[in-house]
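Structure file final-v3.pdb (PDB, C-alpha atoms) follows.
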```
ATOM      1  CA  CYS G   1       0.000   0.000   0.000  1.00  0.00           C
ATOM      2  CA  GLY G   2       3.007   2.308   0.225  1.00  0.00           C
ATOM      3  CA  THR G   3       2.095   5.761   1.529  1.00  0.00           C
ATOM      4  CA  GLY G   4      -1.616   5.068   1.140  1.00  0.00           C
ATOM      5  CA  GLY G   5      -2.534   7.188  -1.862  1.00  0.00           C
ATOM      6  CA  SER G   6      -4.222   4.404  -3.820  1.00  0.00           C
ATOM      7  CA  ALA G   7      -5.940   3.073  -0.678  1.00  0.00           C
ATOM      8  CA  TYR G   8      -7.598   6.414  -0.011  1.00  0.00           C
ATOM      9  CA  ASP G   9      -8.426   6.863  -3.711  1.00  0.00           C
ATOM     10  CA  LEU G  10     -10.155   3.478  -3.878  1.00  0.00           C
ATOM     11  CA  SER G  11     -12.081   4.042  -0.671  1.00  0.00           C
ATOM     12  CA  GLU G  12     -13.241   7.534  -1.607  1.00  0.00           C
ATOM     13  CA  SER G  13     -14.117   6.645  -5.209  1.00  0.00           C
ATOM     14  CA  HIS G  14     -16.033   3.436  -4.479  1.00  0.00           C
ATOM     15  CA  LYS G  15     -17.293   4.158  -0.939  1.00  0.00           C
ATOM     16  CA  VAL G  16     -15.690   1.004   0.467  1.00  0.00           C
ATOM     17  CA  HIS G  17     -13.460   0.038   3.352  1.00  0.00           C
ATOM     18  CA  VAL G  18      -9.831  -0.585   2.365  1.00  0.00           C
ATOM     19  CA  HIS G  19      -7.308  -2.443   4.512  1.00  0.00           C
ATOM     20  CA  GLY G  20      -3.718  -1.767   3.440  1.00  0.00           C
ATOM     21  CA  LEU G  21      -0.639  -3.905   4.136  1.00  0.00           C
ATOM     22  CA  ASP G  22       2.996  -2.841   3.892  1.00  0.00           C
ATOM     23  CA  LEU G  23       6.313  -3.964   5.361  1.00  0.00           C
ATOM     24  CA  SER G  24       7.553  -0.410   5.853  1.00  0.00           C
ATOM     25  CA  VAL G  25       6.674   1.355   9.095  1.00  0.00           C
ATOM     26  CA  ASN G  26       7.799   4.654   7.586  1.00  0.00           C
ATOM     27  CA  CYS G  27       5.482   4.258   4.600  1.00  0.00           C
ATOM     28  CA  LEU G  28       2.514   3.517   6.822  1.00  0.00           C
ATOM     29  CA  LEU G  29       3.311   6.451   9.097  1.00  0.00           C
ATOM     30  CA  ALA G  30       3.200   8.648   5.997  1.00  0.00           C
ATOM     31  CA  ALA G  31      -0.083   6.992   5.019  1.00  0.00           C
ATOM     32  CA  LEU G  32      -1.570   7.740   8.430  1.00  0.00           C
ATOM     33  CA  GLU G  33      -0.538  11.388   8.118  1.00  0.00           C
ATOM     34  CA  ARG G  34      -2.747  11.598   5.021  1.00  0.00           C
ATOM     35  CA  ALA G  35      -5.815  10.761   7.113  1.00  0.00           C
ATOM     36  CA  SER G  36      -6.289  14.380   8.193  1.00  0.00           C
ATOM     37  CA  THR G  37      -6.794  15.464   4.583  1.00  0.00           C
ATOM     38  CA  ARG G  38      -8.601  12.392   3.215  1.00  0.00           C
ATOM     39  CA  SER G  39     -12.115  11.082   3.834  1.00  0.00           C
ATOM     40  CA  GLY G  40     -11.751   7.404   2.991  1.00  0.00           C
ATOM     41  CA  ASP G  41     -12.539   4.493   5.310  1.00  0.00           C
ATOM     42  CA  VAL G  42      -9.010   3.055   5.439  1.00  0.00           C
ATOM     43  CA  THR G  43      -6.996   1.006   7.935  1.00  0.00           C
ATOM     44  CA  PHE G  44      -3.337   0.028   7.733  1.00  0.00           C
ATOM     45  CA  GLU G  45      -1.259  -2.845   9.043  1.00  0.00           C
ATOM     46  CA  VAL G  46       2.486  -3.486   9.082  1.00  0.00           C
ATOM     47  CA  ALA G  47       2.749  -6.985   7.648  1.00  0.00           C
ATOM     48  CA  ASP G  48       4.687  -9.248   5.303  1.00  0.00           C
ATOM     49  CA  VAL G  49       2.157 -10.447   2.759  1.00  0.00           C
ATOM     50  CA  SER G  50       4.259 -13.551   2.044  1.00  0.00           C
ATOM     51  CA  ASN G  51       3.482 -15.046   5.460  1.00  0.00           C
ATOM     52  CA  HIS G  52       0.524 -13.017   6.743  1.00  0.00           C
ATOM     53  CA  SER G  53      -2.824 -14.434   7.785  1.00  0.00           C
ATOM     54  CA  LEU G  54      -6.231 -12.803   7.325  1.00  0.00           C
ATOM     55  CA  PRO G  55      -9.739 -14.255   7.712  1.00  0.00           C
ATOM     56  CA  ALA G  56     -10.856 -16.442   4.818  1.00  0.00           C
ATOM     57  CA  SER G  57     -13.532 -15.158   2.428  1.00  0.00           C
ATOM     58  CA  SER G  58     -13.462 -11.673   3.964  1.00  0.00           C
ATOM     59  CA  PHE G  59     -12.612  -9.355   1.046  1.00  0.00           C
ATOM     60  CA  ASP G  60     -14.455  -8.392  -2.128  1.00  0.00           C
ATOM     61  CA  ALA G  61     -11.237  -7.507  -3.945  1.00  0.00           C
ATOM     62  CA  VAL G  62      -7.463  -7.710  -3.598  1.00  0.00           C
ATOM     63  CA  HIS G  63      -5.326  -5.016  -5.241  1.00  0.00           C
ATOM     64  CA  CYS G  64      -1.559  -5.552  -5.292  1.00  0.00           C
ATOM     65  CA  ARG G  65       0.452  -2.795  -6.948  1.00  0.00           C
ATOM     66  CA  ASP G  66       4.071  -3.419  -7.945  1.00  0.00           C
ATOM     67  CA  ALA G  67       4.794  -5.435  -4.786  1.00  0.00           C
ATOM     68  CA  LEU G  68       5.199  -9.129  -5.614  1.00  0.00           C
ATOM     69  CA  LEU G  69       8.398  -8.338  -7.496  1.00  0.00           C
ATOM     70  CA  HIS G  70       9.968  -8.631  -4.031  1.00  0.00           C
ATOM     71  CA  VAL G  71       8.552 -12.142  -3.484  1.00  0.00           C
ATOM     72  CA  ALA G  72      10.230 -15.287  -4.802  1.00  0.00           C
ATOM     73  CA  ASP G  73       7.397 -17.656  -3.803  1.00  0.00           C
ATOM     74  CA  LYS G  74       4.546 -15.927  -5.590  1.00  0.00           C
ATOM     75  CA  SER G  75       2.401 -19.071  -5.602  1.00  0.00           C
ATOM     76  CA  THR G  76       2.019 -19.015  -1.799  1.00  0.00           C
ATOM     77  CA  VAL G  77       0.990 -15.351  -1.794  1.00  0.00           C
ATOM     78  CA  LEU G  78      -1.456 -15.876  -4.646  1.00  0.00           C
ATOM     79  CA  SER G  79      -3.010 -18.797  -2.758  1.00  0.00           C
ATOM     80  CA  SER G  80      -3.442 -16.521   0.264  1.00  0.00           C
ATOM     81  CA  PHE G  81      -5.147 -13.919  -1.917  1.00  0.00           C
ATOM     82  CA  GLN G  82      -7.491 -16.617  -3.189  1.00  0.00           C
ATOM     83  CA  GLN G  83      -8.332 -17.670   0.369  1.00  0.00           C
ATOM     84  CA  TRP G  84      -8.906 -14.115   1.597  1.00  0.00           C
ATOM     85  CA  LEU G  85     -11.331 -13.288  -1.208  1.00  0.00           C
ATOM     86  CA  LYS G  86     -15.032 -13.963  -1.010  1.00  0.00           C
ATOM     87  CA  PRO G  87     -16.450 -16.261  -3.718  1.00  0.00           C
ATOM     88  CA  GLY G  88     -16.590 -14.195  -6.892  1.00  0.00           C
ATOM     89  CA  GLY G  89     -14.056 -11.730  -5.466  1.00  0.00           C
ATOM     90  CA  ARG G  90     -11.748  -9.913  -7.849  1.00  0.00           C
ATOM     91  CA  LEU G  91      -7.965  -9.877  -8.050  1.00  0.00           C
ATOM     92  CA  LEU G  92      -5.995  -7.017  -9.634  1.00  0.00           C
ATOM     93  CA  ILE G  93      -2.203  -7.057  -9.750  1.00  0.00           C
ATOM     94  CA  THR G  94       0.298  -4.800 -11.488  1.00  0.00           C
ATOM     95  CA  ASP G  95       3.943  -5.756 -11.419  1.00  0.00           C
ATOM     96  CA  TYR G  96       7.281  -5.503 -13.164  1.00  0.00           C
ATOM     97  CA  CYS G  97       8.063  -8.377 -15.503  1.00  0.00           C
ATOM     98  CA  VAL G  98      10.765  -9.522 -17.889  1.00  0.00           C
ATOM     99  CA  PRO G  99      10.130 -10.131 -21.598  1.00  0.00           C
ATOM    100  CA  SER G 100       8.529 -13.377 -22.650  1.00  0.00           C
ATOM    101  CA  THR G 101      11.679 -14.282 -24.564  1.00  0.00           C
ATOM    102  CA  SER G 102      14.073 -13.246 -21.785  1.00  0.00           C
ATOM    103  CA  GLY G 103      16.003 -16.367 -20.804  1.00  0.00           C
ATOM    104  CA  SER G 104      19.694 -15.615 -21.155  1.00  0.00           C
ATOM    105  CA  THR G 105      19.072 -12.567 -23.384  1.00  0.00           C
ATOM    106  CA  LEU G 106      18.659 -10.056 -20.546  1.00  0.00           C
ATOM    107  CA  SER G 107      21.362  -7.426 -20.653  1.00  0.00           C
ATOM    108  CA  GLN G 108      23.996  -7.321 -17.953  1.00  0.00           C
ATOM    109  CA  GLY G 109      22.575  -4.001 -16.813  1.00  0.00           C
ATOM    110  CA  MET G 110      19.106  -5.499 -16.334  1.00  0.00           C
ATOM    111  CA  GLN G 111      20.514  -8.480 -14.483  1.00  0.00           C
ATOM    112  CA  GLN G 112      22.509  -6.194 -12.192  1.00  0.00           C
ATOM    113  CA  TYR G 113      19.422  -4.055 -11.579  1.00  0.00           C
ATOM    114  CA  MET G 114      17.364  -7.101 -10.573  1.00  0.00           C
ATOM    115  CA  ALA G 115      20.132  -8.467  -8.371  1.00  0.00           C
ATOM    116  CA  GLY G 116      20.763  -5.117  -6.713  1.00  0.00           C
ATOM    117  CA  ARG G 117      17.080  -4.639  -5.900  1.00  0.00           C
ATOM    118  CA  LYS G 118      16.611  -8.337  -5.080  1.00  0.00           C
ATOM    119  CA  TYR G 119      13.730  -8.466  -7.535  1.00  0.00           C
ATOM    120  CA  ASN G 120      12.170 -11.783  -8.509  1.00  0.00           C
ATOM    121  CA  LEU G 121      10.621 -11.101 -11.906  1.00  0.00           C
ATOM    122  CA  THR G 122       8.754 -13.492 -14.169  1.00  0.00           C
ATOM    123  CA  THR G 123       7.329 -13.136 -17.653  1.00  0.00           C
ATOM    124  CA  PRO G 124       3.707 -11.951 -17.965  1.00  0.00           C
ATOM    125  CA  GLU G 125       2.733 -15.416 -19.205  1.00  0.00           C
ATOM    126  CA  GLN G 126       4.275 -17.100 -16.170  1.00  0.00           C
ATOM    127  CA  TYR G 127       2.429 -14.669 -13.942  1.00  0.00           C
ATOM    128  CA  GLY G 128      -0.881 -15.577 -15.512  1.00  0.00           C
ATOM    129  CA  GLN G 129      -0.144 -19.283 -15.163  1.00  0.00           C
ATOM    130  CA  ALA G 130       0.693 -18.841 -11.473  1.00  0.00           C
ATOM    131  CA  VAL G 131      -2.580 -16.975 -10.859  1.00  0.00           C
ATOM    132  CA  GLN G 132      -4.555 -19.728 -12.576  1.00  0.00           C
ATOM    133  CA  ALA G 133      -2.699 -22.420 -10.625  1.00  0.00           C
ATOM    134  CA  ALA G 134      -3.690 -20.653  -7.387  1.00  0.00           C
ATOM    135  CA  GLY G 135      -7.337 -21.391  -8.168  1.00  0.00           C
ATOM    136  CA  PHE G 136      -8.489 -18.273  -9.989  1.00  0.00           C
ATOM    137  CA  GLU G 137     -10.586 -18.173 -13.136  1.00  0.00           C
ATOM    138  CA  GLY G 138     -11.089 -15.628 -15.891  1.00  0.00           C
ATOM    139  CA  VAL G 139      -7.389 -14.795 -15.784  1.00  0.00           C
ATOM    140  CA  SER G 140      -6.375 -11.875 -18.022  1.00  0.00           C
ATOM    141  CA  VAL G 141      -2.814 -10.678 -18.574  1.00  0.00           C
ATOM    142  CA  LYS G 142      -2.091  -7.385 -20.350  1.00  0.00           C
ATOM    143  CA  ASP G 143       1.295  -5.885 -21.157  1.00  0.00           C
ATOM    144  CA  LEU G 144       1.034  -2.179 -20.285  1.00  0.00           C
ATOM    145  CA  THR G 145       4.666  -1.262 -20.874  1.00  0.00           C
ATOM    146  CA  GLU G 146       3.767   1.560 -23.272  1.00  0.00           C
ATOM    147  CA  GLU G 147       1.573   3.119 -20.585  1.00  0.00           C
ATOM    148  CA  PHE G 148       4.380   2.520 -18.082  1.00  0.00           C
ATOM    149  CA  VAL G 149       6.778   4.515 -20.250  1.00  0.00           C
ATOM    150  CA  GLY G 150       4.304   7.392 -20.300  1.00  0.00           C
ATOM    151  CA  HIS G 151       3.941   7.311 -16.506  1.00  0.00           C
ATOM    152  CA  LEU G 152       7.706   7.308 -16.046  1.00  0.00           C
ATOM    153  CA  GLU G 153       8.182  10.242 -18.434  1.00  0.00           C
ATOM    154  CA  ARG G 154       5.589  12.307 -16.559  1.00  0.00           C
ATOM    155  CA  GLU G 155       7.051  11.373 -13.167  1.00  0.00           C
ATOM    156  CA  LEU G 156      10.576  12.253 -14.315  1.00  0.00           C
ATOM    157  CA  ALA G 157       9.385  15.605 -15.644  1.00  0.00           C
ATOM    158  CA  GLY G 158       7.609  16.268 -12.355  1.00  0.00           C
ATOM    159  CA  LEU G 159      10.730  15.385 -10.387  1.00  0.00           C
ATOM    160  CA  ARG G 160      12.858  17.763 -12.444  1.00  0.00           C
ATOM    161  CA  ALA G 161      10.288  20.527 -12.084  1.00  0.00           C
ATOM    162  CA  GLN G 162      10.567  20.209  -8.301  1.00  0.00           C
ATOM    163  CA  ARG G 163      14.358  20.040  -8.246  1.00  0.00           C
ATOM    164  CA  ALA G 164      14.899  23.132  -6.110  1.00  0.00           C
ATOM    165  CA  THR G 165      12.366  22.045  -3.500  1.00  0.00           C
ATOM    166  CA  PHE G 166      13.672  18.481  -3.511  1.00  0.00           C
ATOM    167  CA  GLU G 167      17.296  19.532  -3.084  1.00  0.00           C
ATOM    168  CA  ALA G 168      16.375  21.967  -0.327  1.00  0.00           C
ATOM    169  CA  SER G 169      14.800  19.121   1.627  1.00  0.00           C
ATOM    170  CA  PHE G 170      17.057  16.174   0.773  1.00  0.00           C
ATOM    171  CA  GLY G 171      20.192  17.533  -0.898  1.00  0.00           C
ATOM    172  CA  ALA G 172      21.664  17.531  -4.404  1.00  0.00           C
ATOM    173  CA  ALA G 173      23.080  14.023  -4.113  1.00  0.00           C
ATOM    174  CA  ALA G 174      19.649  12.599  -3.284  1.00  0.00           C
ATOM    175  CA  PHE G 175      18.127  14.388  -6.259  1.00  0.00           C
ATOM    176  CA  SER G 176      20.807  13.031  -8.602  1.00  0.00           C
ATOM    177  CA  ALA G 177      20.215   9.503  -7.297  1.00  0.00           C
ATOM    178  CA  ALA G 178      16.439   9.781  -7.757  1.00  0.00           C
ATOM    179  CA  GLU G 179      16.834  11.212 -11.249  1.00  0.00           C
ATOM    180  CA  ALA G 180      19.285   8.455 -12.251  1.00  0.00           C
ATOM    181  CA  ASN G 181      16.910   5.812 -10.909  1.00  0.00           C
ATOM    182  CA  TRP G 182      14.016   7.142 -13.014  1.00  0.00           C
ATOM    183  CA  GLU G 183      16.219   7.542 -16.095  1.00  0.00           C
ATOM    184  CA  GLY G 184      17.437   3.969 -15.785  1.00  0.00           C
ATOM    185  CA  LYS G 185      13.937   2.590 -15.337  1.00  0.00           C
ATOM    186  CA  LEU G 186      12.731   4.566 -18.340  1.00  0.00           C
ATOM    187  CA  ALA G 187      15.618   3.330 -20.491  1.00  0.00           C
ATOM    188  CA  ARG G 188      14.978  -0.304 -19.548  1.00  0.00           C
ATOM    189  CA  ALA G 189      11.261   0.045 -20.260  1.00  0.00           C
ATOM    190  CA  LYS G 190      11.885   1.653 -23.651  1.00  0.00           C
ATOM    191  CA  ALA G 191      14.351  -1.141 -24.469  1.00  0.00           C
ATOM    192  CA  GLY G 192      11.632  -3.695 -23.686  1.00  0.00           C
ATOM    193  CA  GLU G 193      13.520  -5.351 -20.856  1.00  0.00           C
ATOM    194  CA  GLN G 194      11.529  -3.989 -17.924  1.00  0.00           C
ATOM    195  CA  ARG G 195       7.895  -4.759 -18.669  1.00  0.00           C
ATOM    196  CA  TRP G 196       4.812  -3.716 -16.712  1.00  0.00           C
ATOM    197  CA  ALA G 197       1.895  -6.138 -16.614  1.00  0.00           C
ATOM    198  CA  LEU G 198      -1.708  -5.997 -15.433  1.00  0.00           C
ATOM    199  CA  ILE G 199      -3.161  -9.285 -14.218  1.00  0.00           C
ATOM    200  CA  THR G 200      -6.847  -9.611 -13.351  1.00  0.00           C
ATOM    201  CA  ALA G 201      -8.841 -12.647 -12.270  1.00  0.00           C
ATOM    202  CA  ARG G 202     -11.690 -13.742 -10.005  1.00  0.00           C
ATOM    203  CA  LYS G 203     -12.268 -16.365  -7.362  1.00  0.00           C
ATOM    204  CA  PRO G 204     -14.850 -18.965  -8.449  1.00  0.00           C
ATOM    205  CA  GLN G 205     -18.314 -18.665  -6.918  1.00  0.00           C
TER     206      GLN G 205
END
```
If you convert what's in this file into structure tokens, what do you get?
Amino acid sequence: CGTGGSAYDLSESHKVHVHGLDLSVNCLLAALERASTRSGDVTFEVADVSNHSLPASSFDAVHCRDALLHVADKSTVLSSFQQWLKPGGRLLITDYCVPSTSGSTLSQGMQQYMAGRKYNLTTPEQYGQAVQAAGFEGVSVKDLTEEFVGHLERELAGLRAQRATFEASFGAAAFSAAEANWEGKLARAKAGEQRWALITARKPQ
């Protein structure tokens, strides 16, 4: 759930309760600070989704945004999602992926990036297969890398526009590191090595 922006957006837009999980205490503290300016019905919990337990059949939907890239055993997490959902409940995941024809063709830079971040990336097809194996039906996998490139370009432009404010708060070195991170991600996405996939599915009735 990160700093809670999407949790509040979902709750306010759809008039629902949202329960957000994140490993980072700092992220959730930032999310809680948003409560004074947001009207959503949202709760947060510090938890590791890879070994967390929640009541079975208790959620109408599970939304996981760019998080399972940190998890090697995705099948266990996906099975938990399936258990937590009510019958007919919906699953929506976005995540980084590698190209379908990756294998040994990934560049050294991409391999170093994955190793440095400790990312465990699969192909979009493998993701869809894992979701289906976890007991979901109606599995849909879409490659949204073109949209991802657009998001990154806008975010990078926004970062540069706020350079003075950013550097005043965090320093020039921090700005340079953030800019280099976004530039690298954008270059990998444009090269087709860092993909962005949307996976949707539902729990059988």
Self-check item: Expansion of the PyMOL selection byres ((chain G and resi 191) around 12) into residues, as an MDAnalysis selection string
Solution: chainID G and resid 98:99 106:107 109:110 145:146 149 184:190 192:195
Selection file, C-alpha atoms, as a PDB file, keeping the file's coordinate frame:
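Saved to again_11.pdb:
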```pdb
ATOM      1  CA  VAL G  98      10.765  -9.522 -17.889  1.00  0.00           C
ATOM      2  CA  PRO G  99      10.130 -10.131 -21.598  1.00  0.00           C
ATOM      3  CA  LEU G 106      18.659 -10.056 -20.546  1.00  0.00           C
ATOM      4  CA  SER G 107      21.362  -7.426 -20.653  1.00  0.00           C
ATOM      5  CA  GLY G 109      22.575  -4.001 -16.813  1.00  0.00           C
ATOM      6  CA  MET G 110      19.106  -5.499 -16.334  1.00  0.00           C
ATOM      7  CA  THR G 145       4.666  -1.262 -20.874  1.00  0.00           C
ATOM      8  CA  GLU G 146       3.767   1.560 -23.272  1.00  0.00           C
ATOM      9  CA  VAL G 149       6.778   4.515 -20.250  1.00  0.00           C
ATOM     10  CA  GLY G 184      17.437   3.969 -15.785  1.00  0.00           C
ATOM     11  CA  LYS G 185      13.937   2.590 -15.337  1.00  0.00           C
ATOM     12  CA  LEU G 186      12.731   4.566 -18.340  1.00  0.00           C
ATOM     13  CA  ALA G 187      15.618   3.330 -20.491  1.00  0.00           C
ATOM     14  CA  ARG G 188      14.978  -0.304 -19.548  1.00  0.00           C
ATOM     15  CA  ALA G 189      11.261   0.045 -20.260  1.00  0.00           C
ATOM     16  CA  LYS G 190      11.885   1.653 -23.651  1.00  0.00           C
ATOM     17  CA  GLY G 192      11.632  -3.695 -23.686  1.00  0.00           C
ATOM     18  CA  GLU G 193      13.520  -5.351 -20.856  1.00  0.00           C
ATOM     19  CA  GLN G 194      11.529  -3.989 -17.924  1.00  0.00           C
ATOM     20  CA  ARG G 195       7.895  -4.759 -18.669  1.00  0.00           C
TER      21      ARG G 195
END
```
Exercise. Could you tell me how far atom CA of Thr43 of chain G lies from atom CA of Leu21 of chain G, in Å and to one decimal?
Key: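 Between atom CA of Thr43 of chain G and atom CA of Leu21 of chain G the gap is 8.9 Å.
Selecting by distance to (-17.9, -16.7, -9.2) with a limit of 7 Å and using all atoms listed in the file, one obtains Pro87, Gly88, Arg202, Lys203, Pro204 and Gln205 of chain G.
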Quiz prompt | Neighbour residues at most 9 Å from (0.6, 1.9, -1.4) (only C-alpha atoms) as number ranges by chain | solution = G: 1-7, 20-22, 27-28, 31, 64-65
Self-check item: atom CA of Val46 of chain G to atom CA of Asn26 of chain G, distance in Å rounded to a single decimal
Solution: 9.8 Å
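Across the structure, atom CA of Asp9 of chain G and atom CA of Glu167 of chain G are spaced 28.7 Å apart.
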Quiz prompt | Reference answer for the PyMOL selection byres ((chain G and resi 196) around 6), as a PyMOL selection string | solution = chain G and resi 95-97+144-145+195+197
Practice problem: Identify all residues satisfying the PyMOL selection byres ((chain G and resi 201) around 9) in the given file; provide them as a list in words. | Solution: Gly89, Arg90, Leu91, Leu92, Val131, Gln132, Phe136, Glu137, Gly138, Val139, Ser140, Val141, Ile199, Thr200, Arg202 and Lys203 of chain G
Exercise. Find the spatial neighbours of His14 of chain G, counting only C-alpha atoms, within a cut-off of 12 Å - ignore same-chain residues fewer than 3 positions away - and output them as a PyMOL selection string.
Key: chain G and resi 6-11+17-18+39-41+61
Exercise. Rank nothing, just name the residue among G:Asn51, G:Phe175, G:Ala72, G:Glu147 nearest to Asn120 of chain G, using only C-alpha atoms.
Key: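 So, comparing all the options, the nearest one is G:Ala72.
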Exercise. Find the residue from G:Thr105, G:Ser176, G:Ser58, G:Gln112 that sits nearest to Leu85 of chain G; use all atoms listed in the file when measuring.
Key: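 That would be G:Ser58, the residue with the smallest distance to Leu85 of chain G.
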